[in-house]
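Undergrad: First the structure, which I've put down as structure tokens, then a few questions once you've had a look.
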Amino acid sequence: MNFNEKLESIKTYEAGKPIELVVREFGIEPKDIVKLASNENPYGCSPKVQDAVAKIVSNMSLYPDDSMLSLKNALSEQFFVEDENIIIGSGSDQVIEFIMHAKTNFNSKILINSVTFAMYEIYAKHTGAEVIRTASQEHDLDEFYELYKSEKPEVIFLCTPNNPTGDAIDSKDIFAFLQKIDNDTLVVIDGAYMEYATYKDKSKSIAPKDLISKFENVIYLGTFSKAFGLGGMRVGYGISNAKIIKELYKLRPPFNITTLSLEAATIALKDKKYVNRCIKLNFDEMKRYEEYAKEKKIDIINSYTNFVTLTLKNRQNSKDISNSLLKKGMIVRDLSGYGMNAVRVTVGTKEQNSRFFELFSELI
Ligand SMILES: *Cc1c(COP(=O)(O)O)cnc(C)c1O
């Protein structure tokens, strides 16, 4: 059977290996498996979410509220924007998909960092857009600007803090960069880990309101999958000016967010105390990774997120090490596919991190 030829160049996205597969492949008991591969919140979501969701489980026959009013109200209160500035996706992944279809086709280009979130490229391939990458591993906005001038991309993605490296761009540099970009080019600020960056260092913090009140060609992306502990619920959002949101809405499938997910995200957003506590614990535990790396003389990238990236020595191979860890029930992310000899490890609970240090030390 023939398929759309665009599919030939698309590799299926490899998500962090699910616990279920490790159980089946290696016969390890689920309780002995530690997953530090997808940057989920190891403490889970606010207990208030569980109570609220439990209450509405009995009411699943009706379609969800497609206006998403309560979640939009919660987001507009949080970010000081209007409902018309918000679009909600099944994960911010889906908003990336809308953006790509709204702005690009096979004649288009997108500009991204050399090492960054894999979904930008995958969605670009859906529309046939060409992907231009910088050479620098960290976001170098001068290089972005040079490539912007020579390549004229339709969309520029800035992922800050960046996945899978954890570093972040100074917000003042982003604002200076945006000043130089023409209104026809859409700039996406992917803030999937912004809650962590804001906590650690205000100079890396970007408020969507500041972006959209100054620039009409920018969209901010956020998600409930990371700090809010709702990876299983699939909720993300885009914040931009009303004109852009209106165009993206044309691509949105009806009822793209389930009733349970809408409720969970709304309640999670309001329990700020809980999220802040998780973020504080995250950075407390991250210190242990920094000390561990120092002790073992391993390079660690200064991270503004809930994961750390450990760069291995030449004689060690991140793919082999990740596989060996997997056989012991420890799931981390090998970054060899990104051209790095490194592993990305989500900062887990105290026990999970101790287990990581123990197993990793056996291998290096
Ligand atoms: C996790 C992540 C997302 C989106 O996650 P969703 O679960 O689809 O909301 C987007 N960008 C980056 C950089 C991420 O790490």
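Naming scheme: A, B, ... for chains in displayed order of the structure tokens; residues 1 onward per chain; ligands 1 onward as shown.
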From a backbone DSSP assignment, name each residue in region 54-252 of chain A labelled strand (DSSP E), as a PDB file with all heavy atoms, in the first residue's frame.
TA:
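Listed below is the output, part_11.pdb:
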```pdb
ATOM      1  N   ILE A  86      -6.299  32.656  24.663  1.00  0.00           N
ATOM      2  CA  ILE A  86      -5.899  31.312  25.101  1.00  0.00           C
ATOM      3  C   ILE A  86      -6.446  30.225  24.180  1.00  0.00           C
ATOM      4  O   ILE A  86      -7.616  30.255  23.785  1.00  0.00           O
ATOM      5  CB  ILE A  86      -6.436  31.046  26.532  1.00  0.00           C
ATOM      6  CG1 ILE A  86      -5.902  32.101  27.505  1.00  0.00           C
ATOM      7  CG2 ILE A  86      -6.059  29.644  27.002  1.00  0.00           C
ATOM      8  CD1 ILE A  86      -6.581  32.057  28.875  1.00  0.00           C
ATOM      9  N   ILE A  87      -5.595  29.255  23.852  1.00  0.00           N
ATOM     10  CA  ILE A  87      -6.074  28.025  23.209  1.00  0.00           C
ATOM     11  C   ILE A  87      -5.551  26.848  24.020  1.00  0.00           C
ATOM     12  O   ILE A  87      -4.415  26.883  24.515  1.00  0.00           O
ATOM     13  CB  ILE A  87      -5.652  27.921  21.722  1.00  0.00           C
ATOM     14  CG1 ILE A  87      -6.315  26.692  21.082  1.00  0.00           C
ATOM     15  CG2 ILE A  87      -4.127  27.885  21.558  1.00  0.00           C
ATOM     16  CD1 ILE A  87      -6.286  26.692  19.567  1.00  0.00           C
ATOM     17  N   ILE A  88      -6.395  25.837  24.193  1.00  0.00           N
ATOM     18  CA  ILE A  88      -6.003  24.698  25.016  1.00  0.00           C
ATOM     19  C   ILE A  88      -5.857  23.469  24.123  1.00  0.00           C
ATOM     20  O   ILE A  88      -6.685  23.224  23.238  1.00  0.00           O
ATOM     21  CB  ILE A  88      -7.033  24.492  26.143  1.00  0.00           C
ATOM     22  CG1 ILE A  88      -6.973  25.726  27.060  1.00  0.00           C
ATOM     23  CG2 ILE A  88      -6.728  23.228  26.954  1.00  0.00           C
ATOM     24  CD1 ILE A  88      -8.095  25.857  28.015  1.00  0.00           C
ATOM     25  N   GLY A  89      -4.783  22.741  24.336  1.00  0.00           N
ATOM     26  CA  GLY A  89      -4.516  21.578  23.502  1.00  0.00           C
ATOM     27  C   GLY A  89      -4.378  20.317  24.339  1.00  0.00           C
ATOM     28  O   GLY A  89      -4.191  20.372  25.555  1.00  0.00           O
ATOM     29  N   LYS A 109       9.973  27.172   6.039  1.00  0.00           N
ATOM     30  CA  LYS A 109      11.089  26.772   6.895  1.00  0.00           C
ATOM     31  C   LYS A 109      10.735  27.091   8.342  1.00  0.00           C
ATOM     32  O   LYS A 109      10.027  28.062   8.612  1.00  0.00           O
ATOM     33  CB  LYS A 109      12.343  27.558   6.535  1.00  0.00           C
ATOM     34  CG  LYS A 109      12.912  27.212   5.168  1.00  0.00           C
ATOM     35  CD  LYS A 109      14.059  28.123   4.830  1.00  0.00           C
ATOM     36  CE  LYS A 109      14.584  27.803   3.429  1.00  0.00           C
ATOM     37  NZ  LYS A 109      15.570  28.795   2.984  1.00  0.00           N
ATOM     38  N   ILE A 110      11.258  26.279   9.239  1.00  0.00           N
ATOM     39  CA  ILE A 110      11.199  26.641  10.649  1.00  0.00           C
ATOM     40  C   ILE A 110      12.635  26.665  11.171  1.00  0.00           C
ATOM     41  O   ILE A 110      13.506  25.961  10.646  1.00  0.00           O
ATOM     42  CB  ILE A 110      10.330  25.682  11.501  1.00  0.00           C
ATOM     43  CG1 ILE A 110      10.967  24.296  11.612  1.00  0.00           C
ATOM     44  CG2 ILE A 110       8.915  25.573  10.947  1.00  0.00           C
ATOM     45  CD1 ILE A 110      10.477  23.486  12.801  1.00  0.00           C
ATOM     46  N   LEU A 111      12.864  27.478  12.183  1.00  0.00           N
ATOM     47  CA  LEU A 111      14.210  27.625  12.744  1.00  0.00           C
ATOM     48  C   LEU A 111      14.186  27.174  14.200  1.00  0.00           C
ATOM     49  O   LEU A 111      13.378  27.678  14.991  1.00  0.00           O
ATOM     50  CB  LEU A 111      14.642  29.096  12.628  1.00  0.00           C
ATOM     51  CG  LEU A 111      15.961  29.510  13.296  1.00  0.00           C
ATOM     52  CD1 LEU A 111      17.135  28.699  12.764  1.00  0.00           C
ATOM     53  CD2 LEU A 111      16.214  31.009  13.068  1.00  0.00           C
ATOM     54  N   ILE A 112      15.060  26.213  14.525  1.00  0.00           N
ATOM     55  CA  ILE A 112      15.099  25.690  15.895  1.00  0.00           C
ATOM     56  C   ILE A 112      16.540  25.548  16.372  1.00  0.00           C
ATOM     57  O   ILE A 112      17.482  25.600  15.571  1.00  0.00           O
ATOM     58  CB  ILE A 112      14.370  24.311  16.023  1.00  0.00           C
ATOM     59  CG1 ILE A 112      15.102  23.224  15.235  1.00  0.00           C
ATOM     60  CG2 ILE A 112      12.929  24.427  15.565  1.00  0.00           C
ATOM     61  CD1 ILE A 112      14.495  21.831  15.407  1.00  0.00           C
ATOM     62  N   GLU A 130      10.779  22.729   5.946  1.00  0.00           N
ATOM     63  CA  GLU A 130      12.196  22.416   6.143  1.00  0.00           C
ATOM     64  C   GLU A 130      12.645  22.902   7.523  1.00  0.00           C
ATOM     65  O   GLU A 130      12.254  23.983   7.968  1.00  0.00           O
ATOM     66  CB  GLU A 130      13.008  23.128   5.051  1.00  0.00           C
ATOM     67  CG  GLU A 130      14.485  22.762   5.074  1.00  0.00           C
ATOM     68  CD  GLU A 130      15.301  23.601   4.078  1.00  0.00           C
ATOM     69  OE1 GLU A 130      14.703  24.235   3.185  1.00  0.00           O
ATOM     70  OE2 GLU A 130      16.530  23.616   4.217  1.00  0.00           O
ATOM     71  N   VAL A 131      13.473  22.100   8.176  1.00  0.00           N
ATOM     72  CA  VAL A 131      13.933  22.460   9.516  1.00  0.00           C
ATOM     73  C   VAL A 131      15.355  22.999   9.445  1.00  0.00           C
ATOM     74  O   VAL A 131      16.266  22.307   9.001  1.00  0.00           O
ATOM     75  CB  VAL A 131      13.884  21.240  10.461  1.00  0.00           C
ATOM     76  CG1 VAL A 131      14.410  21.618  11.850  1.00  0.00           C
ATOM     77  CG2 VAL A 131      12.466  20.692  10.556  1.00  0.00           C
ATOM     78  N   ILE A 132      15.534  24.246   9.875  1.00  0.00           N
ATOM     79  CA  ILE A 132      16.866  24.848   9.938  1.00  0.00           C
ATOM     80  C   ILE A 132      17.297  24.826  11.405  1.00  0.00           C
ATOM     81  O   ILE A 132      16.519  25.221  12.280  1.00  0.00           O
ATOM     82  CB  ILE A 132      16.842  26.328   9.465  1.00  0.00           C
ATOM     83  CG1 ILE A 132      16.105  26.460   8.141  1.00  0.00           C
ATOM     84  CG2 ILE A 132      18.248  26.912   9.421  1.00  0.00           C
ATOM     85  CD1 ILE A 132      16.795  25.857   6.961  1.00  0.00           C
ATOM     86  N   ARG A 133      18.513  24.353  11.651  1.00  0.00           N
ATOM     87  CA  ARG A 133      19.014  24.290  13.024  1.00  0.00           C
ATOM     88  C   ARG A 133      20.233  25.179  13.192  1.00  0.00           C
ATOM     89  O   ARG A 133      21.044  25.300  12.278  1.00  0.00           O
ATOM     90  CB  ARG A 133      19.452  22.862  13.374  1.00  0.00           C
ATOM     91  CG  ARG A 133      18.331  21.906  13.573  1.00  0.00           C
ATOM     92  CD  ARG A 133      18.880  20.487  13.731  1.00  0.00           C
ATOM     93  NE  ARG A 133      17.797  19.539  13.746  1.00  0.00           N
ATOM     94  CZ  ARG A 133      17.128  19.190  14.842  1.00  0.00           C
ATOM     95  NH1 ARG A 133      17.457  19.689  16.007  1.00  0.00           N
ATOM     96  NH2 ARG A 133      16.120  18.343  14.765  1.00  0.00           N
ATOM     97  N   VAL A 155       8.435  30.163  11.126  1.00  0.00           N
ATOM     98  CA  VAL A 155       8.284  30.002  12.574  1.00  0.00           C
ATOM     99  C   VAL A 155       9.661  29.820  13.218  1.00  0.00           C
ATOM    100  O   VAL A 155      10.518  29.113  12.678  1.00  0.00           O
ATOM    101  CB  VAL A 155       7.418  28.759  12.933  1.00  0.00           C
ATOM    102  CG1 VAL A 155       7.088  28.744  14.427  1.00  0.00           C
ATOM    103  CG2 VAL A 155       6.133  28.711  12.118  1.00  0.00           C
ATOM    104  N   ILE A 156       9.870  30.457  14.369  1.00  0.00           N
ATOM    105  CA  ILE A 156      11.089  30.255  15.164  1.00  0.00           C
ATOM    106  C   ILE A 156      10.663  29.688  16.510  1.00  0.00           C
ATOM    107  O   ILE A 156       9.752  30.223  17.150  1.00  0.00           O
ATOM    108  CB  ILE A 156      11.834  31.596  15.398  1.00  0.00           C
ATOM    109  CG1 ILE A 156      12.219  32.236  14.061  1.00  0.00           C
ATOM    110  CG2 ILE A 156      13.068  31.392  16.284  1.00  0.00           C
ATOM    111  CD1 ILE A 156      12.809  33.647  14.207  1.00  0.00           C
ATOM    112  N   PHE A 157      11.298  28.613  16.924  1.00  0.00           N
ATOM    113  CA  PHE A 157      11.007  28.040  18.243  1.00  0.00           C
ATOM    114  C   PHE A 157      12.146  28.351  19.207  1.00  0.00           C
ATOM    115  O   PHE A 157      13.303  28.027  18.919  1.00  0.00           O
ATOM    116  CB  PHE A 157      10.861  26.515  18.153  1.00  0.00           C
ATOM    117  CG  PHE A 157       9.568  26.071  17.545  1.00  0.00           C
ATOM    118  CD1 PHE A 157       9.459  25.902  16.169  1.00  0.00           C
ATOM    119  CD2 PHE A 157       8.457  25.831  18.333  1.00  0.00           C
ATOM    120  CE1 PHE A 157       8.261  25.495  15.587  1.00  0.00           C
ATOM    121  CE2 PHE A 157       7.253  25.423  17.769  1.00  0.00           C
ATOM    122  CZ  PHE A 157       7.161  25.252  16.391  1.00  0.00           C
ATOM    123  N   LEU A 158      11.815  28.959  20.334  1.00  0.00           N
ATOM    124  CA  LEU A 158      12.781  29.135  21.419  1.00  0.00           C
ATOM    125  C   LEU A 158      12.251  28.341  22.606  1.00  0.00           C
ATOM    126  O   LEU A 158      11.157  28.622  23.106  1.00  0.00           O
ATOM    127  CB  LEU A 158      12.925  30.614  21.794  1.00  0.00           C
ATOM    128  CG  LEU A 158      13.383  31.574  20.689  1.00  0.00           C
ATOM    129  CD1 LEU A 158      13.432  33.006  21.221  1.00  0.00           C
ATOM    130  CD2 LEU A 158      14.755  31.170  20.142  1.00  0.00           C
ATOM    131  N   CYS A 159      13.003  27.339  23.003  1.00  0.00           N
ATOM    132  CA  CYS A 159      12.558  26.484  24.094  1.00  0.00           C
ATOM    133  C   CYS A 159      13.348  26.880  25.339  1.00  0.00           C
ATOM    134  O   CYS A 159      14.551  26.642  25.412  1.00  0.00           O
ATOM    135  CB  CYS A 159      12.830  25.024  23.726  1.00  0.00           C
ATOM    136  SG  CYS A 159      12.182  23.843  24.910  1.00  0.00           S
ATOM    137  N   LEU A 186       6.356  33.988  13.070  1.00  0.00           N
ATOM    138  CA  LEU A 186       5.805  33.670  14.389  1.00  0.00           C
ATOM    139  C   LEU A 186       6.921  33.125  15.293  1.00  0.00           C
ATOM    140  O   LEU A 186       7.636  32.197  14.900  1.00  0.00           O
ATOM    141  CB  LEU A 186       4.687  32.634  14.260  1.00  0.00           C
ATOM    142  CG  LEU A 186       4.016  32.178  15.567  1.00  0.00           C
ATOM    143  CD1 LEU A 186       3.348  33.353  16.277  1.00  0.00           C
ATOM    144  CD2 LEU A 186       2.982  31.081  15.283  1.00  0.00           C
ATOM    145  N   VAL A 187       7.069  33.701  16.463  1.00  0.00           N
ATOM    146  CA  VAL A 187       8.064  33.203  17.415  1.00  0.00           C
ATOM    147  C   VAL A 187       7.340  32.467  18.538  1.00  0.00           C
ATOM    148  O   VAL A 187       6.443  33.023  19.184  1.00  0.00           O
ATOM    149  CB  VAL A 187       8.930  34.342  17.995  1.00  0.00           C
ATOM    150  CG1 VAL A 187       9.982  33.772  18.946  1.00  0.00           C
ATOM    151  CG2 VAL A 187       9.591  35.136  16.877  1.00  0.00           C
ATOM    152  N   VAL A 188       7.724  31.211  18.720  1.00  0.00           N
ATOM    153  CA  VAL A 188       7.108  30.383  19.755  1.00  0.00           C
ATOM    154  C   VAL A 188       8.044  30.329  20.956  1.00  0.00           C
ATOM    155  O   VAL A 188       9.214  29.965  20.810  1.00  0.00           O
ATOM    156  CB  VAL A 188       6.871  28.945  19.238  1.00  0.00           C
ATOM    157  CG1 VAL A 188       6.178  28.098  20.303  1.00  0.00           C
ATOM    158  CG2 VAL A 188       6.074  28.962  17.937  1.00  0.00           C
ATOM    159  N   ILE A 189       7.541  30.714  22.111  1.00  0.00           N
ATOM    160  CA  ILE A 189       8.324  30.577  23.338  1.00  0.00           C
ATOM    161  C   ILE A 189       7.750  29.373  24.079  1.00  0.00           C
ATOM    162  O   ILE A 189       6.648  29.428  24.626  1.00  0.00           O
ATOM    163  CB  ILE A 189       8.202  31.830  24.241  1.00  0.00           C
ATOM    164  CG1 ILE A 189       8.514  33.121  23.452  1.00  0.00           C
ATOM    165  CG2 ILE A 189       9.082  31.693  25.482  1.00  0.00           C
ATOM    166  CD1 ILE A 189       9.951  33.284  23.035  1.00  0.00           C
ATOM    167  N   ASP A 190       8.480  28.269  24.060  1.00  0.00           N
ATOM    168  CA  ASP A 190       7.993  27.047  24.705  1.00  0.00           C
ATOM    169  C   ASP A 190       8.448  27.050  26.166  1.00  0.00           C
ATOM    170  O   ASP A 190       9.608  26.804  26.471  1.00  0.00           O
ATOM    171  CB  ASP A 190       8.527  25.817  23.960  1.00  0.00           C
ATOM    172  CG  ASP A 190       7.917  24.514  24.491  1.00  0.00           C
ATOM    173  OD1 ASP A 190       7.370  24.520  25.612  1.00  0.00           O
ATOM    174  OD2 ASP A 190       7.995  23.494  23.772  1.00  0.00           O
ATOM    175  N   VAL A 218       4.046  36.579  18.604  1.00  0.00           N
ATOM    176  CA  VAL A 218       4.649  35.625  19.519  1.00  0.00           C
ATOM    177  C   VAL A 218       3.554  34.806  20.205  1.00  0.00           C
ATOM    178  O   VAL A 218       2.452  35.310  20.455  1.00  0.00           O
ATOM    179  CB  VAL A 218       5.554  36.353  20.553  1.00  0.00           C
ATOM    180  CG1 VAL A 218       4.795  37.397  21.312  1.00  0.00           C
ATOM    181  CG2 VAL A 218       6.203  35.390  21.519  1.00  0.00           C
ATOM    182  N   ILE A 219       3.851  33.541  20.434  1.00  0.00           N
ATOM    183  CA  ILE A 219       2.925  32.692  21.197  1.00  0.00           C
ATOM    184  C   ILE A 219       3.711  31.980  22.292  1.00  0.00           C
ATOM    185  O   ILE A 219       4.826  31.508  22.049  1.00  0.00           O
ATOM    186  CB  ILE A 219       2.152  31.703  20.286  1.00  0.00           C
ATOM    187  CG1 ILE A 219       1.160  30.857  21.121  1.00  0.00           C
ATOM    188  CG2 ILE A 219       3.080  30.797  19.488  1.00  0.00           C
ATOM    189  CD1 ILE A 219       0.125  30.123  20.285  1.00  0.00           C
ATOM    190  N   TYR A 220       3.149  31.970  23.476  1.00  0.00           N
ATOM    191  CA  TYR A 220       3.775  31.319  24.627  1.00  0.00           C
ATOM    192  C   TYR A 220       3.082  29.973  24.846  1.00  0.00           C
ATOM    193  O   TYR A 220       1.849  29.890  24.795  1.00  0.00           O
ATOM    194  CB  TYR A 220       3.587  32.205  25.869  1.00  0.00           C
ATOM    195  CG  TYR A 220       4.100  31.572  27.155  1.00  0.00           C
ATOM    196  CD1 TYR A 220       5.401  31.800  27.592  1.00  0.00           C
ATOM    197  CD2 TYR A 220       3.279  30.732  27.923  1.00  0.00           C
ATOM    198  CE1 TYR A 220       5.876  31.210  28.751  1.00  0.00           C
ATOM    199  CE2 TYR A 220       3.761  30.147  29.086  1.00  0.00           C
ATOM    200  CZ  TYR A 220       5.052  30.387  29.492  1.00  0.00           C
ATOM    201  OH  TYR A 220       5.523  29.794  30.645  1.00  0.00           O
ATOM    202  N   LEU A 221       3.868  28.926  25.095  1.00  0.00           N
ATOM    203  CA  LEU A 221       3.282  27.608  25.355  1.00  0.00           C
ATOM    204  C   LEU A 221       3.565  27.147  26.784  1.00  0.00           C
ATOM    205  O   LEU A 221       4.683  27.293  27.276  1.00  0.00           O
ATOM    206  CB  LEU A 221       3.859  26.558  24.400  1.00  0.00           C
ATOM    207  CG  LEU A 221       3.738  26.801  22.907  1.00  0.00           C
ATOM    208  CD1 LEU A 221       4.314  25.613  22.145  1.00  0.00           C
ATOM    209  CD2 LEU A 221       2.281  27.013  22.518  1.00  0.00           C
ATOM    210  N   GLY A 222       2.554  26.608  27.411  1.00  0.00           N
ATOM    211  CA  GLY A 222       2.720  26.033  28.744  1.00  0.00           C
ATOM    212  C   GLY A 222       2.039  24.681  28.817  1.00  0.00           C
ATOM    213  O   GLY A 222       1.265  24.308  27.925  1.00  0.00           O
ATOM    214  N   THR A 223       2.326  23.933  29.861  1.00  0.00           N
ATOM    215  CA  THR A 223       1.773  22.576  29.971  1.00  0.00           C
ATOM    216  C   THR A 223       1.472  22.208  31.419  1.00  0.00           C
ATOM    217  O   THR A 223       2.069  22.748  32.344  1.00  0.00           O
ATOM    218  CB  THR A 223       2.760  21.543  29.369  1.00  0.00           C
ATOM    219  OG1 THR A 223       2.190  20.230  29.507  1.00  0.00           O
ATOM    220  CG2 THR A 223       4.106  21.555  30.075  1.00  0.00           C
ATOM    221  N   GLY A 236      -2.320  21.171  27.719  1.00  0.00           N
ATOM    222  CA  GLY A 236      -1.343  22.246  27.542  1.00  0.00           C
ATOM    223  C   GLY A 236      -2.065  23.452  26.973  1.00  0.00           C
ATOM    224  O   GLY A 236      -3.258  23.381  26.665  1.00  0.00           O
ATOM    225  N   TYR A 237      -1.365  24.568  26.824  1.00  0.00           N
ATOM    226  CA  TYR A 237      -2.052  25.765  26.345  1.00  0.00           C
ATOM    227  C   TYR A 237      -1.105  26.672  25.568  1.00  0.00           C
ATOM    228  O   TYR A 237       0.125  26.597  25.713  1.00  0.00           O
ATOM    229  CB  TYR A 237      -2.686  26.542  27.514  1.00  0.00           C
ATOM    230  CG  TYR A 237      -1.716  26.839  28.635  1.00  0.00           C
ATOM    231  CD1 TYR A 237      -0.966  28.016  28.650  1.00  0.00           C
ATOM    232  CD2 TYR A 237      -1.508  25.923  29.672  1.00  0.00           C
ATOM    233  CE1 TYR A 237      -0.063  28.277  29.662  1.00  0.00           C
ATOM    234  CE2 TYR A 237      -0.599  26.168  30.695  1.00  0.00           C
ATOM    235  CZ  TYR A 237       0.122  27.349  30.673  1.00  0.00           C
ATOM    236  OH  TYR A 237       1.029  27.603  31.665  1.00  0.00           O
ATOM    237  N   GLY A 238      -1.711  27.504  24.737  1.00  0.00           N
ATOM    238  CA  GLY A 238      -0.977  28.547  24.038  1.00  0.00           C
ATOM    239  C   GLY A 238      -1.588  29.881  24.404  1.00  0.00           C
ATOM    240  O   GLY A 238      -2.815  29.985  24.547  1.00  0.00           O
ATOM    241  N   ILE A 239      -0.742  30.900  24.592  1.00  0.00           N
ATOM    242  CA  ILE A 239      -1.226  32.248  24.897  1.00  0.00           C
ATOM    243  C   ILE A 239      -0.643  33.200  23.857  1.00  0.00           C
ATOM    244  O   ILE A 239       0.579  33.257  23.671  1.00  0.00           O
ATOM    245  CB  ILE A 239      -0.823  32.679  26.325  1.00  0.00           C
ATOM    246  CG1 ILE A 239      -1.460  31.728  27.349  1.00  0.00           C
ATOM    247  CG2 ILE A 239      -1.242  34.132  26.589  1.00  0.00           C
ATOM    248  CD1 ILE A 239      -1.115  32.033  28.794  1.00  0.00           C
TER     249      ILE A 239
END
```
Undergrad: From a backbone DSSP assignment, name each residue in region 132-199 of chain A labelled helix (DSSP H, G or I), as a PyMOL selection string.
TA: chain A and resi 141-151+171-179+194-199
Undergrad: So which residues touch Tyr193 (chain A) within 8 Å, counting only C-alpha atoms, skipping near sequence neighbours fewer than 4 positions away, as a JSON list (two decimals) with C-alpha atoms, in the first residue's frame?
TA:
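Heads up, here's the output in result20.json:
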```json
[["chain", "number", "residue", "atom", "x", "y", "z"],
["A", 160, "THR", "CA", 13.39, 28.01, 27.47],
["A", 161, "PRO", "CA", 14.31, 26.30, 29.66],
["A", 197, "ALA", "CA", 13.00, 28.62, 35.96],
["A", 222, "GLY", "CA", 2.72, 26.03, 28.74],
["A", 226, "LYS", "CA", 5.52, 18.75, 34.15],
["A", 227, "ALA", "CA", 5.37, 20.88, 37.35],
["A", 304, "TYR", "CA", 16.45, 25.41, 35.37],
["A", 305, "THR", "CA", 14.08, 22.44, 35.10],
["A", 306, "ASN", "CA", 13.17, 19.19, 36.85]]
```
Undergrad: Go through the chains and note each residue within 9 Å of ligand 1, using only C-alpha atoms and all ligand atoms, then give the set as a ChimeraX atom specification.
TA: /A:38-40,89-96,116-120,159-164,190-193,221-226,230-237
Undergrad: Using only C-alpha atoms, which of A:Asp66, A:Glu358, A:Asp271, A:Asp167 sits nearest Pro47 (chain A)?
TA: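 Looking at the shortest contact to Pro47 (chain A), the residue is A:Asp271.
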Undergrad: List the spatial neighbours of region 20-27 of chain A as a list in words - criterion: any atom at most 8 Å away, only C-alpha atoms, same-chain residues fewer than 5 positions off excluded.
TA: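 My list of contacting residues is Ile33, Leu326, Lys327 and Gly329 of chain A.
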Undergrad: Excluding region 241-253 of chain A and any residue of its chain fewer than 4 positions from it, enumerate the residues within 6 Å of it, using only C-alpha atoms, and give them as a list in words.
TA: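 Skipping anything fewer than 4 positions along the chain leaves Glu84, Asn85 and Phe98 of chain A.
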Undergrad: Would you pick out the contacts of Ala264 (chain A) at 8 Å or less, using only C-alpha atoms, so that residues sharing its chain but fewer than 2 positions from it are not included, and give the list as a list in words?
TA: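 The contact residues come out as Val49, Gln50, Ala52, Val53, Leu230, Met233, Leu260, Ser261, Leu262, Thr266, Ile267 and Ala268 of chain A.
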Undergrad: Selected residues, C-alpha atoms, written as a PDB file, in the first residue's frame, please.
TA:
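Output (part_24.pdb):
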```pdb
ATOM      1  CA  VAL A  49      -7.202  17.356  41.959  1.00  0.00           C
ATOM      2  CA  GLN A  50      -7.795  13.740  42.854  1.00  0.00           C
ATOM      3  CA  ALA A  52     -12.291  16.911  42.384  1.00  0.00           C
ATOM      4  CA  VAL A  53     -11.836  14.390  39.598  1.00  0.00           C
ATOM      5  CA  LEU A 230      -0.701  15.850  35.186  1.00  0.00           C
ATOM      6  CA  MET A 233      -4.204  14.061  31.598  1.00  0.00           C
ATOM      7  CA  LEU A 260     -11.680  14.907  33.569  1.00  0.00           C
ATOM      8  CA  SER A 261      -8.630  16.648  32.146  1.00  0.00           C
ATOM      9  CA  LEU A 262     -10.314  20.057  32.139  1.00  0.00           C
ATOM     10  CA  THR A 266      -8.329  23.855  36.583  1.00  0.00           C
ATOM     11  CA  ILE A 267      -7.930  22.619  40.149  1.00  0.00           C
ATOM     12  CA  ALA A 268      -4.181  22.008  39.782  1.00  0.00           C
TER      13      ALA A 268
END
```
Undergrad: Which residue gives the smallest distance to Lys273 (chain A) among A:Cys45, A:Ile174, A:Leu363, A:Leu325, with only C-alpha atoms counted?
TA: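 Selected residue with least distance to Lys273 (chain A): A:Cys45.
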Undergrad: Would you list the contacts of Ser318 (chain A) as a ChimeraX atom specification, taking every protein, DNA or RNA residue within 8 Å and counting only C-alpha atoms, but skipping same-chain residues closer than 3 positions in sequence?
TA: /A:312,321-322,334-336,341-343
Undergrad: Counting only C-alpha atoms, figure out which residue out of A:Thr259, A:Ser240, A:Asn323, A:Ala15 gets nearest to Met60 (chain A).
TA: A:Thr259
Undergrad: Which distance in Å separates CA of Lys48 (chain A) and CA of Lys270 (chain A), to one decimal?
TA: 9.6 Å
Undergrad: I need the residue nearest Glu216 (chain A) from this list: A:Glu143, A:Glu97, A:Glu154, A:Asp182. Use only C-alpha atoms for the distance.
TA: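 Closest residue, counting only C-alpha atoms: A:Asp182.
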Undergrad: Pick out the closest residue to Phe356 (chain A) from this set: A:Lys149, A:Lys35, A:His126, A:Lys72. Count only C-alpha atoms.
TA: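 For Phe356 (chain A), the nearest of the given residues is A:Lys35.
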